[in-house]
>>> print(open('run-v2.txt').read())   # compact mmCIF, C-alpha atoms
# COMPACT_ATOMS: atom_id res chain seq x y z
CA MET V 254 20.06 -3.47 16.13
CA VAL V 255 17.25 -5.25 17.92
CA ILE V 256 14.07 -3.85 16.35
CA VAL V 257 10.53 -4.54 17.54
CA ILE V 258 7.79 -4.15 14.92
CA VAL V 259 4.27 -3.76 16.30
CA ILE V 260 1.49 -4.28 13.76
CA ASP V 261 -2.02 -5.72 14.15
CA VAL V 262 -1.85 -7.95 11.07
CA TYR V 263 1.33 -9.56 9.75
CA ASN V 264 0.65 -13.11 8.59
CA GLN V 265 -2.35 -12.38 6.37
CA ILE V 266 -1.21 -10.71 3.15
CA SER V 267 -4.22 -8.45 2.95
CA ASN V 268 -3.00 -5.00 1.94
CA GLY V 269 -0.01 -2.91 0.97
CA THR V 270 0.89 -2.06 4.56
CA VAL V 271 1.23 -5.72 5.56
CA ILE V 272 3.16 -6.62 2.41
CA SER V 273 5.51 -3.67 2.94
CA ALA V 274 6.07 -4.59 6.59
CA ARG V 275 6.98 -8.15 5.62
CA HIS V 276 9.41 -6.92 2.95
CA PHE V 277 11.05 -4.50 5.39
CA VAL V 278 11.45 -7.25 8.00
CA GLN V 279 13.02 -9.66 5.50
CA GLU V 280 15.48 -7.05 4.27
CA LEU V 281 16.41 -5.89 7.78
CA ARG V 282 17.02 -9.49 8.87
CA SER V 283 19.15 -10.14 5.80
CA ARG V 284 21.37 -7.28 7.00
CA GLY V 285 21.95 -8.92 10.37
CA HIS V 286 19.38 -7.09 12.50
CA GLU V 287 17.23 -8.99 14.98
CA VAL V 288 13.66 -8.07 14.14
CA ARG V 289 10.87 -9.11 16.49
CA ILE V 290 7.22 -9.09 15.46
CA VAL V 291 4.30 -8.38 17.79
CA SER V 292 1.04 -9.15 16.00
CA THR V 293 -1.98 -11.44 15.85
CA GLU V 294 -1.56 -15.05 14.70
CA VAL V 295 2.24 -15.05 14.43
CA ALA V 296 4.45 -17.97 15.41
CA GLY V 297 8.11 -18.88 15.29
CA GLU V 298 11.40 -17.33 16.33
CA PHE V 299 11.24 -13.62 17.21
CA CYS V 300 7.42 -13.68 16.93
CA TYR V 301 5.17 -12.60 19.80
CA SER V 302 1.50 -13.30 19.27
CA VAL V 303 -1.42 -11.42 20.83
CA GLU V 304 -5.08 -12.37 20.75
CA GLU V 305 -7.56 -10.74 18.40
CA ARG V 306 -9.51 -7.77 19.75
CA LYS V 307 -13.10 -7.87 18.56
CA ILE V 308 -14.91 -4.57 18.01
CA PRO V 309 -18.69 -4.66 17.36
CA ILE V 310 -19.55 -3.92 13.71
CA VAL V 311 -16.02 -2.64 12.95
CA SER V 312 -14.35 -6.06 13.18
CA LYS V 313 -16.95 -7.60 10.89
CA VAL V 314 -16.30 -5.02 8.18
CA ALA V 315 -12.52 -5.21 8.68
CA LYS V 316 -12.43 -9.00 8.51
CA LYS V 317 -13.95 -8.94 5.04
CA GLN V 318 -10.73 -7.24 4.01
CA LYS V 319 -8.63 -9.67 6.07
CA ILE V 320 -7.87 -7.08 8.75
CA VAL V 321 -7.98 -7.89 12.47
CA PHE V 322 -7.07 -5.88 15.56
CA GLY V 323 -4.66 -7.02 18.25
CA LYS V 324 -5.36 -7.01 21.98
CA PRO V 325 -3.08 -4.64 23.92
CA ASP V 326 -1.31 -7.36 25.90
CA LYS V 327 1.39 -5.58 27.90
CA GLU V 328 2.95 -8.81 29.14
CA VAL V 329 3.59 -9.98 25.58
CA LEU V 330 4.89 -6.53 24.65
CA ARG V 331 7.33 -6.52 27.57
CA LYS V 332 8.72 -9.91 26.52
CA ALA V 333 9.14 -8.69 22.94
CA MET V 334 10.89 -5.49 24.03
CA GLN V 335 13.36 -7.09 26.44
CA GLY V 336 16.80 -5.88 25.30
CA ALA V 337 15.40 -4.03 22.28
CA ASP V 338 17.06 -0.95 20.77
CA ILE V 339 13.95 0.56 19.19
CA VAL V 340 10.20 -0.05 18.78
CA HIS V 341 8.45 0.78 15.51
CA CYS V 342 4.62 1.03 15.52
CA TYR V 343 2.84 0.67 12.19
CA LEU V 344 -0.78 1.51 13.05
CA PRO V 345 -2.63 3.83 15.47
CA PHE V 346 -4.67 1.19 17.32
CA LYS V 347 -4.83 -0.07 20.91
CA LEU V 348 -2.04 -2.64 20.47
CA GLU V 349 0.34 0.06 19.28
CA LYS V 350 -0.83 2.52 21.95
CA ALA V 351 0.02 -0.07 24.60
CA ALA V 352 3.40 -0.60 22.91
CA VAL V 353 4.19 3.10 23.29
CA GLN V 354 3.39 2.94 27.02
CA VAL V 355 5.48 -0.19 27.58
CA ALA V 356 8.42 1.21 25.60
CA LYS V 357 8.33 4.36 27.74
CA GLU V 358 8.25 2.31 30.95
CA MET V 359 11.21 0.20 29.75
CA GLY V 360 13.24 3.17 28.54
CA ILE V 361 13.23 2.15 24.86
CA PRO V 362 12.96 4.71 22.04
CA CYS V 363 9.82 4.41 19.95
CA MET V 364 8.74 5.79 16.58
CA GLY V 365 5.56 5.60 14.53
CA ALA V 366 4.51 5.16 10.92
CA PHE V 367 1.53 6.63 9.11
CA HIS V 368 0.14 4.03 6.70
CA LEU V 369 -3.59 4.18 7.38
CA VAL V 370 -5.06 7.11 5.45
CA PRO V 371 -8.38 8.09 7.15
CA GLU V 372 -10.13 8.42 3.79
CA GLY V 373 -9.57 4.69 3.29
CA ILE V 374 -11.47 4.00 6.49
CA THR V 375 -14.41 6.23 5.59
CA TYR V 376 -14.61 4.59 2.14
CA SER V 377 -14.84 1.17 3.77
CA PHE V 378 -17.89 2.34 5.69
CA TRP V 379 -19.45 3.96 2.58
CA PHE V 380 -18.82 7.57 3.68
CA LYS V 381 -16.75 8.31 0.61
CA LYS V 382 -18.20 11.78 0.04
CA ASP V 383 -17.81 12.85 3.65
CA ARG V 384 -15.07 15.47 4.06
CA ILE V 385 -15.55 16.20 7.77
CA LEU V 386 -15.09 12.67 9.11
CA PRO V 387 -11.56 12.15 7.67
CA LYS V 388 -10.48 15.48 9.19
CA MET V 389 -11.82 14.34 12.55
CA ILE V 390 -9.88 11.06 12.25
CA TYR V 391 -6.61 12.85 11.42
CA THR V 392 -7.10 14.98 14.54
CA TYR V 393 -8.09 11.97 16.65
CA TYR V 394 -5.00 10.04 15.52
CA LYS V 395 -2.81 13.00 16.39
CA ASN V 396 -4.28 13.59 19.84
CA THR V 397 -4.46 9.95 20.92
CA PHE V 398 -1.37 8.40 19.33
CA TYR V 399 0.99 10.37 17.10
CA LYS V 400 1.54 13.18 19.62
CA TYR V 401 3.76 10.76 21.54
CA PHE V 402 6.29 10.47 18.70
CA LYS V 403 9.12 12.77 17.74
CA HIS V 404 9.68 10.83 14.52
CA ILE V 405 7.10 9.46 12.06
CA HIS V 406 7.72 7.44 8.92
CA CYS V 407 5.59 8.55 5.95
CA PRO V 408 5.57 6.34 2.83
CA SER V 409 5.05 9.34 0.53
CA LYS V 410 5.29 13.12 0.39
CA PHE V 411 1.51 13.11 -0.04
CA THR V 412 1.14 11.55 3.41
CA ALA V 413 3.66 13.92 4.96
CA ASP V 414 1.85 16.93 3.48
CA LYS V 415 -1.40 15.70 5.02
CA LEU V 416 0.20 15.48 8.46
CA ILE V 417 1.69 18.94 8.13
CA LYS V 418 -1.73 20.26 7.15
CA PHE V 419 -3.22 18.80 10.33
CA ASN V 420 -0.42 20.22 12.48
CA TYR V 421 1.47 17.04 13.38
CA LYS V 422 4.57 18.19 15.27
CA ALA V 423 6.93 15.22 14.77
CA GLN V 424 9.83 15.09 12.35
CA LEU V 425 8.46 13.39 9.24
CA HIS V 426 10.65 10.95 7.32
CA VAL V 427 9.43 10.41 3.75
CA ILE V 428 10.64 6.96 2.73
CA SER V 429 8.96 4.75 0.15
CA ASN V 430 7.85 1.32 1.32
CA GLY V 431 10.11 0.07 -1.44
CA VAL V 432 9.88 -2.43 -4.27
CA ALA V 433 11.40 -5.89 -3.95
CA GLU V 434 14.30 -6.70 -6.26
CA LYS V 435 12.14 -9.19 -8.21
CA PHE V 436 10.22 -6.32 -9.83
CA VAL V 437 12.44 -5.46 -12.77
CA PRO V 438 11.80 -5.34 -16.54
CA PRO V 439 11.91 -8.76 -18.25
CA LYS V 440 15.19 -9.76 -19.88
CA GLN V 441 13.29 -10.64 -23.02
CA LYS V 442 9.79 -10.05 -24.30
CA MET V 443 7.24 -12.62 -23.15
CA ARG V 444 5.66 -14.72 -25.87
CA ARG V 445 1.88 -14.71 -26.03
CA THR V 446 -0.52 -17.54 -26.75
CA ASP V 447 -3.30 -15.12 -27.76
CA SER V 448 -3.73 -11.85 -29.64
CA TYR V 449 -5.51 -9.89 -26.89
CA PHE V 450 -4.42 -6.53 -25.53
CA HIS V 451 -3.85 -7.26 -21.83
CA ILE V 452 -4.70 -4.76 -19.09
CA LEU V 453 -3.74 -5.37 -15.46
CA ALA V 454 -4.93 -3.87 -12.15
CA VAL V 455 -3.65 -4.87 -8.71
CA GLY V 456 -5.35 -4.08 -5.41
CA ARG V 457 -7.93 -5.19 -2.88
CA TYR V 458 -11.44 -5.77 -4.21
CA ALA V 459 -12.71 -2.85 -2.16
CA VAL V 460 -14.74 0.31 -2.74
CA ASP V 461 -11.81 2.74 -2.69
CA LYS V 462 -9.80 0.82 -5.32
CA ARG V 463 -12.42 1.64 -7.99
CA HIS V 464 -11.99 -1.48 -10.10
CA ASP V 465 -15.56 -0.79 -11.23
CA VAL V 466 -14.35 2.34 -13.06
CA LEU V 467 -11.81 0.27 -14.99
CA ILE V 468 -14.37 -2.38 -15.96
CA ARG V 469 -16.80 0.28 -17.19
CA ALA V 470 -14.03 2.04 -19.13
CA ILE V 471 -13.00 -1.13 -20.95
CA ALA V 472 -16.66 -1.73 -21.81
CA LYS V 473 -16.76 1.71 -23.51
CA SER V 474 -13.44 1.35 -25.35
CA LYS V 475 -13.55 1.01 -29.12
CA TYR V 476 -11.20 -1.96 -28.62
CA LYS V 477 -13.29 -3.75 -26.00
CA ASP V 478 -13.60 -6.88 -28.17
CA ASN V 479 -9.85 -7.36 -27.98
CA ILE V 480 -9.09 -6.40 -24.35
CA LYS V 481 -8.40 -9.01 -21.70
CA LEU V 482 -8.57 -7.71 -18.10
CA THR V 483 -6.74 -9.25 -15.15
CA LEU V 484 -7.54 -8.12 -11.60
CA CYS V 485 -5.15 -9.33 -8.89
CA GLY V 486 -6.27 -9.08 -5.28
CA VAL V 487 -8.64 -10.22 -2.56
CA GLY V 488 -11.53 -8.49 -0.89
CA PRO V 489 -15.25 -8.22 -0.14
CA LEU V 490 -16.31 -6.96 -3.58
CA GLU V 491 -14.93 -9.90 -5.56
CA ASN V 492 -18.30 -11.39 -6.49
CA LYS V 493 -19.81 -7.98 -7.29
CA LEU V 494 -16.89 -7.12 -9.59
CA LYS V 495 -17.11 -10.51 -11.28
CA ARG V 496 -20.80 -9.97 -11.99
CA LEU V 497 -20.13 -6.48 -13.37
CA SER V 498 -17.36 -7.81 -15.57
CA GLN V 499 -19.51 -10.66 -16.87
CA LYS V 500 -22.32 -8.24 -17.64
CA LEU V 501 -20.27 -5.57 -19.45
CA LEU V 502 -17.18 -7.16 -20.99
CA PRO V 503 -17.19 -9.40 -24.06
CA ILE V 504 -13.99 -11.19 -22.98
CA GLU V 505 -13.97 -12.99 -19.63
CA SER V 506 -11.80 -11.25 -17.03
CA GLU V 507 -9.34 -13.09 -14.81
CA PHE V 508 -9.58 -12.65 -11.04
CA LYS V 509 -6.76 -14.09 -8.95
CA PHE V 510 -4.46 -13.64 -5.97
CA CYS V 511 -0.72 -13.84 -6.66
CA ASN V 512 2.36 -14.30 -4.56
CA GLN V 513 5.35 -12.13 -5.49
CA GLU V 514 6.82 -14.46 -8.09
CA GLU V 515 3.42 -15.01 -9.74
CA LEU V 516 2.72 -11.27 -9.73
CA VAL V 517 5.97 -10.46 -11.53
CA GLN V 518 5.20 -13.05 -14.22
CA THR V 519 1.65 -11.71 -14.55
CA MET V 520 3.00 -8.19 -15.03
CA TYR V 521 5.34 -9.43 -17.75
CA LYS V 522 2.35 -10.83 -19.66
CA ASN V 523 0.39 -7.57 -19.66
CA ASP V 524 0.52 -4.53 -21.93
CA LEU V 525 -0.83 -1.77 -19.70
CA TYR V 526 -1.37 -1.16 -15.99
CA VAL V 527 -4.36 0.80 -14.63
CA HIS V 528 -4.49 2.15 -11.08
CA ALA V 529 -7.98 3.62 -10.63
CA SER V 530 -7.90 3.89 -6.82
CA ASP V 531 -9.31 6.99 -5.14
CA VAL V 532 -7.35 6.58 -1.90
CA GLU V 533 -3.67 5.67 -1.46
CA SER V 534 -0.97 6.50 1.08
CA GLU V 535 1.63 5.41 -1.49
CA ALA V 536 0.33 2.73 -3.93
CA ILE V 537 3.14 0.18 -3.80
CA ALA V 538 1.42 -2.07 -6.38
CA CYS V 539 1.59 0.77 -8.87
CA ILE V 540 5.35 1.19 -8.33
CA GLU V 541 5.84 -2.56 -8.67
CA ALA V 542 4.06 -2.54 -12.03
CA ILE V 543 6.06 0.46 -13.26
CA SER V 544 9.28 -1.22 -12.10
CA THR V 545 8.61 -4.13 -14.48
CA GLY V 546 8.23 -1.66 -17.37
CA LEU V 547 4.46 -1.52 -17.53
CA VAL V 548 3.17 1.88 -18.64
CA PRO V 549 0.54 3.03 -16.13
CA ILE V 550 -2.69 4.95 -16.26
CA ILE V 551 -3.30 6.41 -12.80
CA ALA V 552 -6.30 8.11 -11.22
CA LYS V 553 -5.57 11.70 -10.23
CA SER V 554 -7.31 12.01 -6.87
CA PRO V 555 -6.90 14.62 -4.12
CA ILE V 556 -6.74 11.82 -1.54
CA SER V 557 -4.24 9.57 -3.31
CA ALA V 558 -0.44 9.64 -3.59
CA ALA V 559 -0.41 7.47 -6.70
CA SER V 560 -0.48 10.24 -9.33
CA GLN V 561 3.12 11.15 -8.43
CA PHE V 562 4.22 8.08 -10.38
CA ALA V 563 2.94 9.34 -13.75
CA LEU V 564 5.69 10.78 -15.93
CA ASP V 565 3.24 12.84 -17.99
CA GLU V 566 -0.46 13.57 -18.49
CA ARG V 567 -0.92 10.61 -20.84
CA SER V 568 -0.71 8.39 -17.77
CA LEU V 569 -3.27 10.33 -15.73
CA PHE V 570 -7.05 10.58 -15.69
CA LYS V 571 -9.45 12.33 -13.34
CA ALA V 572 -10.43 9.90 -10.60
CA GLY V 573 -13.81 8.26 -11.11
CA LYS V 574 -14.26 9.60 -14.67
CA VAL V 575 -14.87 6.60 -16.91
CA ASP V 576 -14.81 8.55 -20.18
CA LYS V 577 -11.42 10.09 -19.35
CA LEU V 578 -10.00 6.65 -18.60
CA VAL V 579 -11.37 5.34 -21.92
CA GLU V 580 -9.45 8.07 -23.78
CA LYS V 581 -6.16 7.09 -22.13
CA ILE V 582 -6.68 3.36 -22.66
CA ASP V 583 -7.43 3.85 -26.35
CA TYR V 584 -4.45 6.18 -26.76
CA TRP V 585 -1.97 3.64 -25.41
CA ILE V 586 -3.49 0.83 -27.46
CA GLU V 587 -3.17 2.92 -30.63
CA ASN V 588 0.40 4.08 -29.95
CA LYS V 589 2.38 0.89 -29.52
CA GLN V 590 5.79 2.39 -30.35
CA GLU V 591 5.31 5.21 -27.85
CA ARG V 592 4.15 2.69 -25.25
CA GLU V 593 7.31 0.65 -25.79
CA ARG V 594 9.49 3.76 -25.54
CA MET V 595 7.81 4.87 -22.32
CA SER V 596 8.04 1.34 -20.92
CA ILE V 597 11.83 1.71 -20.88
CA GLN V 598 11.60 5.16 -19.28
CA TYR V 599 9.25 3.97 -16.54
CA GLY V 600 11.42 0.95 -15.75
CA GLU V 601 14.53 3.13 -15.39
CA TRP V 602 12.75 5.85 -13.40
CA ALA V 603 11.35 3.37 -10.87
CA THR V 604 14.81 2.19 -9.75
CA GLN V 605 14.77 4.99 -7.14
CA PHE V 606 12.08 3.07 -5.23
CA THR V 607 14.00 -0.14 -4.53
CA LEU V 608 13.45 -1.89 -1.20
CA ALA V 609 17.19 -1.91 -0.52
CA HIS V 610 17.36 1.88 -0.85
CA SER V 611 14.31 2.35 1.40
CA VAL V 612 15.67 0.07 4.12
CA THR V 613 19.03 1.84 4.07
CA GLN V 614 17.18 5.12 4.68
CA MET V 615 15.11 3.51 7.43
CA GLU V 616 18.21 2.17 9.17
CA LYS V 617 19.55 5.73 9.34
CA VAL V 618 16.27 6.94 10.86
CA PHE V 619 16.35 4.17 13.49
CA GLN V 620 19.93 5.10 14.38
CA GLU V 621 18.97 8.78 14.59
CA VAL V 622 16.02 8.05 16.90
CA ILE V 623 18.16 5.83 19.16
CA ALA V 624 21.03 8.35 19.34
CA GLU V 625 18.66 11.23 20.07
CA TYR V 626 16.94 9.25 22.82
CA ASN V 627 20.22 8.19 24.45
CA THR V 628 21.57 11.74 24.36
CA LYS V 629 18.52 13.04 26.22
CA LYS V 630 18.85 10.30 28.86
CA GLU V 631 22.40 11.37 29.71
>>> encode(input="run-v2.txt", output="structure tokens")
Amino acid sequence: MVIVIVIDVYNQISNGTVISARHFVQELRSRGHEVRIVSTEVAGEFCYSVEERKIPIVSKVAKKQKIVFGKPDKEVLRKAMQGADIVHCYLPFKLEKAAVQVAKEMGIPCMGAFHLVPEGITYSFWFKKDRILPKMIYTYYKNTFYKYFKHIHCPSKFTADKLIKFNYKAQLHVISNGVAEKFVPPKQKMRRTDSYFHILAVGRYAVDKRHDVLIRAIAKSKYKDNIKLTLCGVGPLENKLKRLSQKLLPIESEFKFCNQEELVQTMYKNDLYVHASDVESEAIACIEAISTGLVPIIAKSPISAASQFALDERSLFKAGKVDKLVEKIDYWIENKQERERMSIQYGEWATQFTLAHSVTQMEKVFQEVIAEYNTKKE
């Protein structure tokens, strides 16, 4: 197949959506498909670059999280779609809206994906307690973009349930973004150079990820003098989180950004994974950690899909509740044998989320969309 991926950001590894898109493209290409990318700041074979679209105030906030918007350049889109079998739009912005129009003009089937949970947007603008605005955004997305699709990819059942709630009419395909084959349990236990208990969190340094809750919880743990925290990510709150960590924690935390290989090795060196985020459409970092055998503690939030990855209540705490997180951290520190037993269970359970499995499912959806479109043309 010749597949055109339209996404505003592709080269900057800034969030789970971008990382997942890159993984999907690599896997699809490895299977012999020609995958073309339409995005900002892309170069090379099968890459079609558009200029950045600057939006007052919004772009400034978005750029702090390494997010930019693409200009809806129809000429570039037409070049990218020449001879294409299908167009897949990742986000509900002007670039993707133009892609839908061009695909229709050129007689190419088009499908969408729902990766951008509205609650994540409202959090970024400090409206985290607002319940009306996210509902308005779901409706706006539907009426201005998703109503044009008969098929939508949802990275989790949580996302699909949200779209059903807001009366999205398309056929929803629940397919995980998938975990790369590198994320597997270590062949042998990693040797340590210290005696700390290591806790890891992965995610943007942003309001909705709630790294502050984790830092405060470690500070209240009875084992705080022996806990070493590692936070992997990038984002606008890095300095604020560093200051909070320095103020509250007796052991200096490590802040860093990792590529895939580095992230796997970092996971191998940790004892526990904490995912405190309030908002997630899937939480791929959480699945990656579980896939390496790390036992998780996950925030149970009504606007996050992540809690589905907990095998029992010992790996869940009420989102935002520091004291509840402290209880779970201390439990897993005190129960080493149980942690080791559950590590094996989590590693085995997570095999259902492999990237290869997800891409195989996605190939079938692409073929279904193409066949359905061609049948209606006849």
>>> atom_distance(input="run-v2.txt", atom1="CA of Tyr526 in chain V", atom2="CA of Thr446 in chain V")
19.6 Å
>>> closest_atom_pairs(input="run-v2.txt", of="range 336-440 of chain V", to="range 258-270 of chain V", cutoff="7 Å", atoms="all atoms listed in the file", output="CSV")
residue,atom,partner,partner_atom,distance
V:Val340,CA,V:Ile258,CA,6.1
V:His341,CA,V:Ile258,CA,5.0
V:Cys342,CA,V:Val259,CA,4.9
V:Tyr343,CA,V:Ile260,CA,5.4
V:Leu344,CA,V:Ile260,CA,6.3
V:Glu349,CA,V:Val259,CA,6.2
V:His368,CA,V:Thr270,CA,6.5
>>> residues_near_point(input="run-v2.txt", point="(-3.5, -10.1, -16.1)", cutoff="6 Å", atoms="all atoms listed in the file", output="tab-separated table (two decimals) with C-alpha atoms, keeping the file's coordinate frame")
chain	number	residue	atom	x	y	z
V	453	LEU	CA	-3.74	-5.37	-15.46
V	482	LEU	CA	-8.57	-7.71	-18.10
V	483	THR	CA	-6.74	-9.25	-15.15
V	519	THR	CA	1.65	-11.71	-14.55
V	523	ASN	CA	0.39	-7.57	-19.66
>>> atom_distance(input="run-v2.txt", atom1="CA of Ser409 in chain V", atom2="CA of Glu294 in chain V")
29.0 Å
>>> atom_distance(input="run-v2.txt", atom1="CA of Ile390 in chain V", atom2="CA of Lys327 in chain V")
25.5 Å
>>> residues_near_point(input="run-v2.txt", point="(4.7, -0.6, -3.9)", cutoff="8 Å", atoms="only C-alpha atoms", output="list in words")
Gly269, Ser273, Ser429, Asn430, Gly431, Val432, Glu535, Ala536, Ile537, Ala538, Cys539, Ile540 and Glu541 of chain V
>>> residues_around(input="run-v2.txt", residues="Arg444 in chain V", least_positions_apart="3", cutoff="10 Å", atoms="all atoms listed in the file", output="JSON, numbers by chain")
{"V": [441, 447, 521, 522]}
>>> closest_residue(input="run-v2.txt", among="V:Ser292, V:Lys415, V:Ile385, V:Val353", to="Phe402 in chain V", atoms="all atoms listed in the file")
V:Val353
>>> closest_residue(input="run-v2.txt", among="V:Thr412, V:Ser448, V:Thr545, V:Ser596", to="Ala559 in chain V", atoms="all atoms listed in the file")
V:Thr412
>>> residues_around(input="run-v2.txt", residues="range 460-474 of chain V", least_positions_apart="5", cutoff="7 Å", atoms="all atoms listed in the file", output="number ranges by chain")
V: 373, 376-377, 494, 498, 501-502, 529-532, 573, 575-576, 578-579, 583
>>> closest_residue(input="run-v2.txt", among="V:Lys574, V:Lys581, V:Lys350, V:His426", to="Pro549 in chain V", atoms="all atoms listed in the file")
V:Lys581
>>> residues_around(input="run-v2.txt", residues="Val427 in chain V", least_positions_apart="4", cutoff="9 Å", atoms="all atoms listed in the file", output="list in words")
Ile405, His406, Cys407, Pro408, Ser409, Lys410, Thr412 and Ala413 of chain V
>>> write_last_selection(input="run-v2.txt", atoms="C-alpha atoms", output="JSON list (two decimals), in the coordinates of the input")
[["chain", "number", "residue", "atom", "x", "y", "z"],
["V", 405, "ILE", "CA", 7.10, 9.46, 12.06],
["V", 406, "HIS", "CA", 7.72, 7.44, 8.92],
["V", 407, "CYS", "CA", 5.59, 8.55, 5.95],
["V", 408, "PRO", "CA", 5.57, 6.34, 2.83],
["V", 409, "SER", "CA", 5.05, 9.34, 0.53],
["V", 410, "LYS", "CA", 5.29, 13.12, 0.39],
["V", 412, "THR", "CA", 1.14, 11.55, 3.41],
["V", 413, "ALA", "CA", 3.66, 13.92, 4.96]]
>>> axis_aligned_box(input="run-v2.txt", around="range 419-427 of chain V", padding_each_side="8 Å", output="JSON")
{"center_x": 3.7, "center_y": 15.3, "center_z": 9.5, "size_x": 29.9, "size_y": 25.8, "size_z": 27.5}
>>> closest_residue(input="run-v2.txt", among="V:Ala366, V:Ala356, V:Met254, V:Ala542", to="Ala274 in chain V", atoms="all atoms listed in the file")
V:Ala366
